[in-house]
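Below is the file structure.json, which contains JSON, C-alpha atoms (C1' of nucleotides).
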```json
[["chain", "number", "residue", "atom", "x", "y", "z"],
["A", 1, "MET", "CA", 0.00, 0.00, 0.00],
["A", 2, "PRO", "CA", 1.82, 3.02, -1.24],
["A", 3, "GLU", "CA", 2.50, 5.51, 1.51],
["A", 4, "LEU", "CA", 4.72, 8.55, 1.19],
["A", 5, "PRO", "CA", 8.04, 6.68, 0.79],
["A", 6, "GLU", "CA", 6.63, 4.46, -1.94],
["A", 7, "VAL", "CA", 5.14, 7.38, -3.83],
["A", 8, "GLU", "CA", 8.39, 9.30, -3.48],
["A", 9, "THR", "CA", 10.34, 6.30, -4.75],
["A", 10, "ILE", "CA", 8.09, 6.10, -7.78],
["A", 11, "ARG", "CA", 8.43, 9.83, -8.40],
["A", 12, "CYS", "CA", 12.23, 9.74, -8.23],
["A", 13, "GLY", "CA", 12.48, 6.75, -10.51],
["A", 14, "LEU", "CA", 10.01, 8.08, -13.03],
["A", 15, "ALA", "CA", 11.13, 11.69, -13.26],
["A", 16, "PRO", "CA", 14.36, 11.24, -15.26],
["A", 17, "LEU", "CA", 12.58, 8.92, -17.66],
["A", 18, "ILE", "CA", 9.53, 10.98, -18.56],
["A", 19, "VAL", "CA", 10.21, 14.62, -17.74],
["A", 20, "GLY", "CA", 10.62, 16.40, -21.05],
["A", 21, "GLN", "CA", 8.96, 13.58, -22.97],
["A", 22, "GLN", "CA", 6.00, 14.27, -25.20],
["A", 23, "ILE", "CA", 2.81, 12.26, -24.92],
["A", 24, "GLU", "CA", 1.63, 10.68, -28.15],
["A", 25, "ARG", "CA", -1.66, 9.21, -27.00],
["A", 26, "VAL", "CA", -3.48, 7.94, -23.94],
["A", 27, "VAL", "CA", -5.64, 4.84, -23.70],
["A", 28, "VAL", "CA", -8.15, 4.61, -20.87],
["A", 29, "ARG", "CA", -9.57, 1.09, -20.63],
["A", 30, "THR", "CA", -11.20, 1.36, -17.21],
["A", 31, "PRO", "CA", -12.49, 4.79, -16.23],
["A", 32, "SER", "CA", -14.13, 3.52, -13.03],
["A", 33, "LEU", "CA", -11.51, 4.07, -10.37],
["A", 34, "ARG", "CA", -12.10, 5.65, -6.93],
["A", 35, "TRP", "CA", -13.50, 8.51, -8.93],
["A", 36, "PRO", "CA", -14.17, 8.29, -12.66],
["A", 37, "ILE", "CA", -11.24, 9.20, -14.85],
["A", 38, "PRO", "CA", -12.34, 12.39, -16.67],
["A", 39, "SER", "CA", -13.43, 11.52, -20.18],
["A", 40, "LYS", "CA", -11.38, 14.39, -21.53],
["A", 41, "LEU", "CA", -8.12, 13.02, -20.13],
["A", 42, "SER", "CA", -6.95, 11.46, -23.37],
["A", 43, "ARG", "CA", -7.77, 14.59, -25.31],
["A", 44, "VAL", "CA", -6.06, 17.07, -23.00],
["A", 45, "LEU", "CA", -2.92, 14.97, -22.64],
["A", 46, "ARG", "CA", -2.35, 14.31, -26.32],
["A", 47, "GLY", "CA", 0.72, 16.11, -27.62],
["A", 48, "GLN", "CA", 1.67, 17.59, -24.23],
["A", 49, "ALA", "CA", 5.15, 17.29, -22.76],
["A", 50, "VAL", "CA", 5.69, 16.41, -19.10],
["A", 51, "LEU", "CA", 7.28, 19.41, -17.44],
["A", 52, "ALA", "CA", 7.79, 17.93, -13.97],
["A", 53, "ILE", "CA", 6.58, 15.26, -11.56],
["A", 54, "GLU", "CA", 5.94, 16.36, -8.04],
["A", 55, "ARG", "CA", 4.60, 14.68, -4.95],
["A", 56, "ARG", "CA", 2.25, 16.19, -2.40],
["A", 57, "ALA", "CA", 1.12, 13.92, 0.43],
["A", 58, "LYS", "CA", 0.49, 10.58, -1.29],
["A", 59, "TYR", "CA", -0.46, 12.24, -4.56],
["A", 60, "LEU", "CA", 1.65, 12.38, -7.69],
["A", 61, "VAL", "CA", 1.28, 15.55, -9.70],
["A", 62, "PHE", "CA", 2.30, 15.52, -13.37],
["A", 63, "ARG", "CA", 2.84, 19.09, -14.56],
["A", 64, "LEU", "CA", 1.95, 19.74, -18.17],
["A", 65, "PRO", "CA", 1.77, 22.97, -20.16],
["A", 66, "ASN", "CA", -2.04, 22.99, -20.20],
["A", 67, "GLY", "CA", -2.79, 21.55, -16.77],
["A", 68, "ASN", "CA", -1.94, 18.82, -14.32],
["A", 69, "VAL", "CA", -2.61, 15.14, -13.80],
["A", 70, "ILE", "CA", -3.29, 14.28, -10.17],
["A", 71, "MET", "CA", -2.77, 10.63, -9.39],
["A", 72, "HIS", "CA", -3.34, 8.59, -6.26],
["A", 73, "LEU", "CA", -2.29, 4.95, -6.11],
["A", 74, "GLY", "CA", -4.83, 3.96, -3.47],
["A", 75, "MET", "CA", -4.14, 0.54, -2.03],
["A", 76, "SER", "CA", -2.81, -1.37, -4.97],
["A", 77, "GLY", "CA", -1.90, 1.11, -7.70],
["A", 78, "GLN", "CA", 1.27, 0.55, -9.67],
["A", 79, "LEU", "CA", 3.05, 2.53, -12.36],
["A", 80, "ARG", "CA", 5.36, 0.86, -14.80],
["A", 81, "LEU", "CA", 7.30, 2.36, -17.63],
["A", 82, "ARG", "CA", 8.33, 0.02, -20.36],
["A", 83, "ARG", "CA", 9.57, 0.19, -23.89],
["A", 84, "GLY", "CA", 7.25, -0.92, -26.67],
["A", 85, "TYR", "CA", 3.95, -2.69, -26.36],
["A", 86, "GLU", "CA", 2.80, -5.42, -24.02],
["A", 87, "PRO", "CA", -0.78, -6.77, -24.11],
["A", 88, "PRO", "CA", -2.69, -5.27, -21.19],
["A", 89, "GLY", "CA", -3.86, -7.47, -18.34],
["A", 90, "ARG", "CA", -7.20, -7.29, -16.58],
["A", 91, "HIS", "CA", -6.11, -4.57, -14.17],
["A", 92, "ASP", "CA", -4.08, -2.46, -16.56],
["A", 93, "HIS", "CA", -6.45, 0.48, -16.70],
["A", 94, "VAL", "CA", -4.52, 3.27, -18.41],
["A", 95, "ASP", "CA", -1.62, 3.50, -20.87],
["A", 96, "ILE", "CA", 0.24, 6.72, -21.62],
["A", 97, "PHE", "CA", 2.30, 6.32, -24.78],
["A", 98, "PHE", "CA", 5.21, 8.67, -25.30],
["A", 99, "LYS", "CA", 6.68, 9.70, -28.61],
["A", 100, "ASN", "CA", 10.02, 8.17, -27.64],
["A", 101, "GLY", "CA", 8.41, 4.72, -27.67],
["A", 102, "ASN", "CA", 7.92, 4.28, -23.94],
["A", 103, "CYS", "CA", 4.61, 3.46, -22.32],
["A", 104, "LEU", "CA", 3.60, 4.39, -18.78],
["A", 105, "ARG", "CA", 1.02, 1.89, -17.54],
["A", 106, "PHE", "CA", -1.29, 2.36, -14.56],
["A", 107, "ARG", "CA", -2.33, -0.91, -12.97],
["A", 108, "ASP", "CA", -4.63, -1.13, -9.95],
["A", 109, "PRO", "CA", -6.39, -4.39, -9.08],
["A", 110, "ARG", "CA", -8.47, -2.92, -6.27],
["A", 111, "ARG", "CA", -9.21, 0.33, -8.08],
["A", 112, "PHE", "CA", -8.97, 2.50, -4.98],
["A", 113, "GLY", "CA", -6.63, 4.76, -6.88],
["A", 114, "SER", "CA", -7.58, 7.81, -8.88],
["A", 115, "ILE", "CA", -6.45, 9.80, -11.88],
["A", 116, "LEU", "CA", -7.78, 13.34, -12.09],
["A", 117, "TRP", "CA", -7.24, 16.39, -14.22],
["A", 118, "SER", "CA", -6.66, 19.85, -12.82],
["A", 119, "PRO", "CA", -6.43, 22.69, -15.35],
["A", 120, "THR", "CA", -5.33, 25.12, -12.63],
["A", 121, "ASP", "CA", -3.21, 24.94, -9.48],
["A", 122, "PRO", "CA", -3.25, 21.25, -8.50],
["A", 123, "LEU", "CA", -2.29, 22.07, -4.92],
["A", 124, "ALA", "CA", -5.59, 23.93, -4.65],
["A", 125, "HIS", "CA", -7.51, 20.84, -5.70],
["A", 126, "PRO", "CA", -10.10, 19.85, -3.06],
["A", 127, "LEU", "CA", -8.42, 16.49, -2.51],
["A", 128, "ILE", "CA", -5.02, 18.03, -1.88],
["A", 129, "VAL", "CA", -5.67, 21.41, -0.36],
["A", 130, "LYS", "CA", -6.68, 20.04, 3.03],
["A", 131, "SER", "CA", -3.60, 17.86, 3.35],
["A", 132, "GLY", "CA", -1.56, 18.44, 6.47],
["A", 133, "PRO", "CA", 2.08, 19.46, 6.35],
["A", 134, "GLU", "CA", 4.67, 17.34, 4.64],
["A", 135, "PRO", "CA", 6.19, 15.14, 7.34],
["A", 136, "LEU", "CA", 9.74, 15.72, 6.13],
["A", 137, "SER", "CA", 9.38, 19.48, 6.06],
["A", 138, "THR", "CA", 10.11, 21.86, 8.92],
["A", 139, "ALA", "CA", 6.36, 22.44, 9.16],
["A", 140, "LEU", "CA", 6.07, 19.18, 11.06],
["A", 141, "HIS", "CA", 7.51, 19.62, 14.52],
["A", 142, "GLY", "CA", 6.67, 18.46, 18.00],
["A", 143, "LEU", "CA", 4.88, 21.62, 19.04],
["A", 144, "TYR", "CA", 2.65, 21.45, 15.96],
["A", 145, "LEU", "CA", 1.43, 17.93, 16.72],
["A", 146, "TYR", "CA", 1.12, 18.77, 20.39],
["A", 147, "GLY", "CA", -1.07, 21.77, 19.62],
["A", 148, "ARG", "CA", -3.25, 19.94, 17.12],
["A", 149, "SER", "CA", -3.77, 17.05, 19.49],
["A", 150, "ARG", "CA", -5.07, 19.00, 22.50],
["A", 151, "GLY", "CA", -8.57, 17.86, 23.32],
["A", 152, "ARG", "CA", -8.41, 14.96, 20.89],
["A", 153, "ARG", "CA", -9.47, 11.62, 22.26],
["A", 154, "VAL", "CA", -8.60, 9.45, 19.26],
["A", 155, "SER", "CA", -5.61, 7.19, 19.54],
["A", 156, "VAL", "CA", -2.28, 8.73, 18.67],
["A", 157, "LYS", "CA", -2.00, 6.21, 15.84],
["A", 158, "GLN", "CA", -5.24, 7.32, 14.23],
["A", 159, "PHE", "CA", -4.21, 10.90, 14.85],
["A", 160, "ILE", "CA", -0.96, 10.68, 12.87],
["A", 161, "MET", "CA", -2.70, 8.73, 10.11],
["A", 162, "ASP", "CA", -5.20, 11.57, 9.69],
["A", 163, "GLN", "CA", -4.04, 13.14, 6.43],
["A", 164, "ARG", "CA", -5.36, 16.53, 7.54],
["A", 165, "VAL", "CA", -3.04, 16.48, 10.54],
["A", 166, "VAL", "CA", 0.08, 15.30, 8.73],
["A", 167, "SER", "CA", 0.18, 13.88, 5.23],
["A", 168, "GLY", "CA", 1.70, 10.74, 3.85],
["A", 169, "ILE", "CA", 1.67, 8.41, 6.87],
["A", 170, "GLY", "CA", -0.28, 5.19, 6.39],
["A", 171, "ASN", "CA", -0.68, 2.11, 8.52],
["A", 172, "ILE", "CA", 2.79, 0.65, 8.06],
["A", 173, "TYR", "CA", 4.75, 3.76, 8.95],
["A", 174, "ALA", "CA", 2.38, 4.78, 11.74],
["A", 175, "ASN", "CA", 3.09, 1.45, 13.41],
["A", 176, "GLU", "CA", 6.82, 1.69, 12.78],
["A", 177, "ALA", "CA", 7.18, 5.29, 13.91],
["A", 178, "LEU", "CA", 5.27, 4.66, 17.14],
["A", 179, "PHE", "CA", 7.50, 1.70, 17.86],
["A", 180, "ALA", "CA", 10.60, 3.81, 17.23],
["A", 181, "ALA", "CA", 9.23, 6.49, 19.57],
["A", 182, "ARG", "CA", 8.30, 3.83, 22.17],
["A", 183, "ILE", "CA", 4.75, 5.16, 22.31],
["A", 184, "HIS", "CA", 1.77, 2.86, 22.77],
["A", 185, "PRO", "CA", -0.41, 3.27, 19.66],
["A", 186, "VAL", "CA", -3.71, 3.43, 21.54],
["A", 187, "THR", "CA", -2.71, 6.31, 23.79],
["A", 188, "PRO", "CA", -5.24, 9.13, 23.41],
["A", 189, "ALA", "CA", -3.62, 11.80, 21.24],
["A", 190, "GLY", "CA", -4.56, 14.56, 23.65],
["A", 191, "ARG", "CA", -2.83, 12.87, 26.58],
["A", 192, "LEU", "CA", 0.71, 12.86, 25.20],
["A", 193, "SER", "CA", 3.21, 15.45, 26.41],
["A", 194, "LEU", "CA", 5.06, 17.91, 24.21],
["A", 195, "ARG", "CA", 8.27, 16.02, 24.90],
["A", 196, "ARG", "CA", 6.76, 12.78, 23.66],
["A", 197, "TYR", "CA", 5.48, 14.48, 20.50],
["A", 198, "GLN", "CA", 8.98, 15.77, 19.89],
["A", 199, "HIS", "CA", 10.25, 12.21, 20.08],
["A", 200, "LEU", "CA", 7.44, 11.03, 17.85],
["A", 201, "VAL", "CA", 8.18, 13.62, 15.18],
["A", 202, "ALA", "CA", 11.85, 12.64, 15.20],
["A", 203, "ALA", "CA", 10.82, 9.00, 14.83],
["A", 204, "ILE", "CA", 8.42, 9.77, 11.97],
["A", 205, "LYS", "CA", 11.07, 11.65, 10.03],
["A", 206, "LYS", "CA", 13.72, 9.03, 10.64],
["A", 207, "THR", "CA", 11.40, 6.16, 9.68],
["A", 208, "LEU", "CA", 10.24, 7.83, 6.48],
["A", 209, "ARG", "CA", 13.76, 8.87, 5.47],
["A", 210, "LYS", "CA", 15.06, 5.36, 5.95],
["A", 211, "ALA", "CA", 12.18, 3.93, 3.95],
["A", 212, "ILE", "CA", 12.78, 6.34, 1.08],
["A", 213, "ALA", "CA", 16.48, 5.54, 1.12],
["A", 214, "ALA", "CA", 15.61, 1.85, 0.92],
["A", 215, "GLY", "CA", 13.22, 2.41, -1.98],
["A", 216, "GLY", "CA", 9.95, 1.82, -0.16],
["A", 217, "THR", "CA", 8.50, -1.17, 1.59],
["A", 218, "THR", "CA", 7.70, -4.43, -0.11],
["A", 219, "THR", "CA", 4.13, -5.51, 0.29],
["A", 220, "ARG", "CA", 1.94, -7.72, -1.81],
["A", 221, "ASP", "CA", 0.97, -4.71, -3.84],
["A", 222, "PHE", "CA", 3.88, -2.36, -4.08],
["A", 223, "HIS", "CA", 6.23, -2.16, -7.02],
["A", 224, "ASP", "CA", 8.17, 0.88, -8.05],
["A", 225, "GLU", "CA", 8.08, 2.36, -11.52],
["A", 226, "SER", "CA", 10.31, -0.34, -12.97],
["A", 227, "GLY", "CA", 8.36, -3.17, -11.40],
["A", 228, "GLN", "CA", 11.00, -3.77, -8.74],
["A", 229, "ALA", "CA", 9.76, -4.56, -5.28],
["A", 230, "GLY", "CA", 11.10, -2.53, -2.39],
["A", 231, "TYR", "CA", 13.27, -4.15, 0.23],
["A", 232, "PHE", "CA", 12.53, -2.12, 3.36],
["A", 233, "GLN", "CA", 10.34, -4.98, 4.56],
["A", 234, "LEU", "CA", 13.36, -6.74, 5.99],
["A", 235, "LYS", "CA", 13.70, -3.88, 8.42],
["A", 236, "LEU", "CA", 10.10, -3.62, 9.62],
["A", 237, "GLN", "CA", 10.13, -3.81, 13.41],
["A", 238, "VAL", "CA", 6.48, -4.47, 14.23],
["A", 239, "TYR", "CA", 4.23, -4.22, 11.19],
["A", 240, "GLY", "CA", 3.07, -7.69, 10.19],
["A", 241, "ARG", "CA", 4.94, -9.26, 13.12],
["A", 242, "GLY", "CA", 2.06, -10.20, 15.42],
["A", 243, "ASN", "CA", 2.99, -13.01, 17.86],
["A", 244, "LYS", "CA", 6.64, -12.74, 16.91],
["A", 245, "PRO", "CA", 9.37, -11.63, 19.33],
["A", 246, "CYS", "CA", 10.25, -7.96, 19.55],
["A", 247, "PHE", "CA", 13.69, -7.39, 18.02],
["A", 248, "VAL", "CA", 14.58, -5.08, 20.89],
["A", 249, "CYS", "CA", 13.35, -6.85, 24.04],
["A", 250, "GLY", "CA", 12.04, -10.23, 22.95],
["A", 251, "ALA", "CA", 8.51, -9.68, 24.23],
["A", 252, "THR", "CA", 5.74, -10.93, 21.97],
["A", 253, "VAL", "CA", 4.54, -8.31, 19.49],
["A", 254, "ARG", "CA", 0.81, -7.77, 19.82],
["A", 255, "GLN", "CA", -1.67, -7.33, 16.99],
["A", 256, "ILE", "CA", -4.91, -5.54, 17.75],
["A", 257, "ARG", "CA", -7.58, -3.60, 15.88],
["A", 258, "ASN", "CA", -7.63, 0.13, 16.35],
["A", 259, "GLY", "CA", -9.89, 2.34, 14.30],
["A", 260, "GLN", "CA", -10.59, -0.61, 11.96],
["A", 261, "ARG", "CA", -6.89, -1.00, 11.25],
["A", 262, "SER", "CA", -4.43, -3.70, 12.17],
["A", 263, "THR", "CA", -2.16, -2.31, 14.82],
["A", 264, "PHE", "CA", 1.12, -3.84, 15.95],
["A", 265, "TYR", "CA", 3.13, -2.93, 19.00],
["A", 266, "CYS", "CA", 5.49, -4.27, 21.59],
["A", 267, "PRO", "CA", 3.75, -4.23, 24.97],
["A", 268, "ARG", "CA", 7.07, -3.89, 26.79],
["A", 269, "CYS", "CA", 8.82, -1.25, 24.65],
["A", 270, "GLN", "CA", 5.78, 0.92, 23.98],
["A", 271, "ARG", "CA", 3.97, 2.63, 26.83],
["B", 1, "DA", "C1'", -16.29, 19.70, 16.11],
["B", 2, "DA", "C1'", -15.05, 15.15, 16.86],
["B", 3, "DT", "C1'", -15.86, 10.48, 16.23],
["B", 4, "DC", "C1'", -17.61, 6.26, 14.28],
["B", 5, "DG", "C1'", -18.49, 3.01, 10.83],
["B", 6, "DC", "C1'", -19.47, 2.04, 6.02],
["B", 7, "DG", "C1'", -18.35, 1.14, 1.25],
["B", 8, "DC", "C1'", -15.58, 0.82, -2.61],
["B", 9, "DC", "C1'", -12.63, -3.52, -4.82],
["B", 10, "DT", "C1'", -9.88, -7.82, -5.72],
["B", 11, "DG", "C1'", -6.79, -11.46, -4.40],
["B", 12, "DA", "C1'", -4.94, -14.43, -0.93],
["B", 13, "DC", "C1'", -5.89, -17.64, 2.30],
["B", 14, "DG", "C1'", -8.07, -20.83, 5.66],
["B", 15, "DG", "C1'", -11.78, -24.00, 6.66],
["B", 16, "DC", "C1'", -14.94, -27.40, 5.26],
["C", 1, "DT", "C1'", -11.80, -29.34, -6.23],
["C", 2, "DG", "C1'", -14.54, -25.70, -5.15],
["C", 3, "DC", "C1'", -17.07, -22.61, -2.48],
["C", 4, "DC", "C1'", -17.51, -19.26, 1.07],
["C", 5, "DG", "C1'", -16.10, -16.08, 4.63],
["C", 6, "DT", "C1'", -12.51, -13.05, 6.22],
["C", 7, "DC", "C1'", -8.90, -9.91, 5.82],
["C", 8, "DA", "C1'", -5.94, -6.40, 3.73],
["C", 9, "DG", "C1'", -6.58, -1.05, 3.60],
["C", 10, "DG", "C1'", -6.81, 4.81, 1.80],
["C", 11, "DC", "C1'", -10.02, 7.77, 2.39],
["C", 12, "DG", "C1'", -14.35, 10.30, 1.64],
["C", 13, "DC", "C1'", -18.75, 10.44, 3.39],
["C", 14, "DG", "C1'", -22.97, 10.26, 6.11],
["C", 15, "DA", "C1'", -24.69, 9.64, 10.69],
["C", 16, "DT", "C1'", -24.35, 10.59, 15.50]]
```
Output the file's structure in the form of structure tokens.
Amino acid sequence: MPELPEVETIRCGLAPLIVGQQIERVVVRTPSLRWPIPSKLSRVLRGQAVLAIERRAKYLVFRLPNGNVIMHLGMSGQLRLRRGYEPPGRHDHVDIFFKNGNCLRFRDPRRFGSILWSPTDPLAHPLIVKSGPEPLSTALHGLYLYGRSRGRRVSVKQFIMDQRVVSGIGNIYANEALFAARIHPVTPAGRLSLRRYQHLVAAIKKTLRKAIAAGGTTTRDFHDESGQAGYFQLKLQVYGRGNKPCFVCGATVRQIRNGQRSTFYCPRCQR
DNA sequence: AATCGCGCCTGACGGC
DNA sequence: TGCCGTCAGGCGCGAT
């Protein structure tokens, strides 16, 4: 499930290969994603050159002279760039053919992803404008989370997964960052001290940076733009490790449900 | 305003 | 073998 590090990995891999390239044509086979792909997408993209690829939260933004493509990979979205033609599979929903002979293919078995068109400022798009600060920017700091959390009774894990509070953190990295910060995931957000939020922010940044450096986390669904799986999975401390021994203290990692999400933590390390 | 739970969607997997 | 239920989960939305 692509979270910020996976989307960033895709962006970095894709940028040198398609920035500056001109789009020849676009084939939309399945318009019914999370939201319908705009019927004009093929028309507006034809002949345009990609000026830049940016990332905001978990969204990819393709800058073009006449507007912007906003893409979200949802749970199972993949992007692959390959040379020449390959017959599309059942879940290969969109092809973007470039004049240099490459094809960017969007594949998404669960179709929770989305591809939208924004003729104006994409950062002002309703889906993006409410996103919280980028976790790796200076806008995310301990005092910010502390302030936003006052009076909040939701668990700290749900709190940091709220994209309006801070963007880009999904279930995997929420679990990992809370482990790194030694904070129990179910602690009410409003009950944590400023000092503990400072530790948490440091842990979030460190966890995300390491994941980006490693090229994202391998899951069933994630592949980067070349189809390569990430290899951060080897380093996951708690996610997916229910009933296994904590790498730090040996206690049994617990798996619970919190806010309808699988939650993993070490009952001895995290308080 | 904050919180809760639903629904979208498919594939993997376990049980019978 | 095959069928069925459950789980995985990002995120907007409606209800409370």
Task: Test item: chain C residues at most 12 Å from chain A, counting all atoms listed in the file, as a PyMOL selection string - done: chain C and resi 7-12
Open item on the list: Please find the residues of chain A near chain B - the criterion being any atom within 7 Å, counting all atoms listed in the file - and write them as an MDAnalysis selection string.
Closed with: chainID A and resid 109:111
TODO: Kindly indicate which residue among A:Pro65, A:Gly13, A:Pro185, A:Pro119 lies nearest to Arg257 in chain A, using all atoms listed in the file for the distances.
DONE: A:Pro185
Quick one: everything within 8 Å of His91 in chain A, counting all atoms listed in the file, minus sequence neighbours fewer than 3 positions away in the same chain. Send it as a compact mmCIF listing (two decimals) with C-alpha atoms, in the frame of the given file.
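Resulting contents of result.txt:
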```
# COMPACT_ATOMS: atom_id res chain seq x y z
CA PRO A 88 -2.69 -5.27 -21.19
CA ARG A 107 -2.33 -0.91 -12.97
CA ASP A 108 -4.63 -1.13 -9.95
CA PRO A 109 -6.39 -4.39 -9.08
```
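Going from CA of Ile128 in chain A to CA of Phe97 in chain A covers 26.7 Å.
Interatomic distance, CA of Leu145 in chain A to CA of Ala202 in chain A: 11.8 Å.
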Task: Within 10 Å of Cys246 in chain A using all atoms listed in the file, minus same-chain residues under 5 positions, as a count of residues only - done: 12
TODO: Measure the distance from CA of Gly151 in chain A to CA of Leu194 in chain A in Å and round it to one decimal.
DONE: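 Spanning CA of Gly151 in chain A to CA of Leu194 in chain A is a straight-line distance of 13.7 Å.
Considering the residues A:Ile18, A:Asn102, A:Asp92, A:Leu4 and counting only C-alpha atoms, Tyr59 in chain A has its shortest atom-to-atom contact with A:Leu4.
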Task: Contact residues around Arg164 in chain A with only C-alpha atoms (C1' of nucleotides) at 6 Å, ignoring same-chain residues under 6 positions, as an MDAnalysis selection string - done: chainID A and resid 130:132
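Between Val165 in chain A and the residues A:Leu140, A:Leu104, A:Cys249, A:Leu14, the shortest atom-to-atom distance, using only C-alpha atoms, involves A:Leu140.
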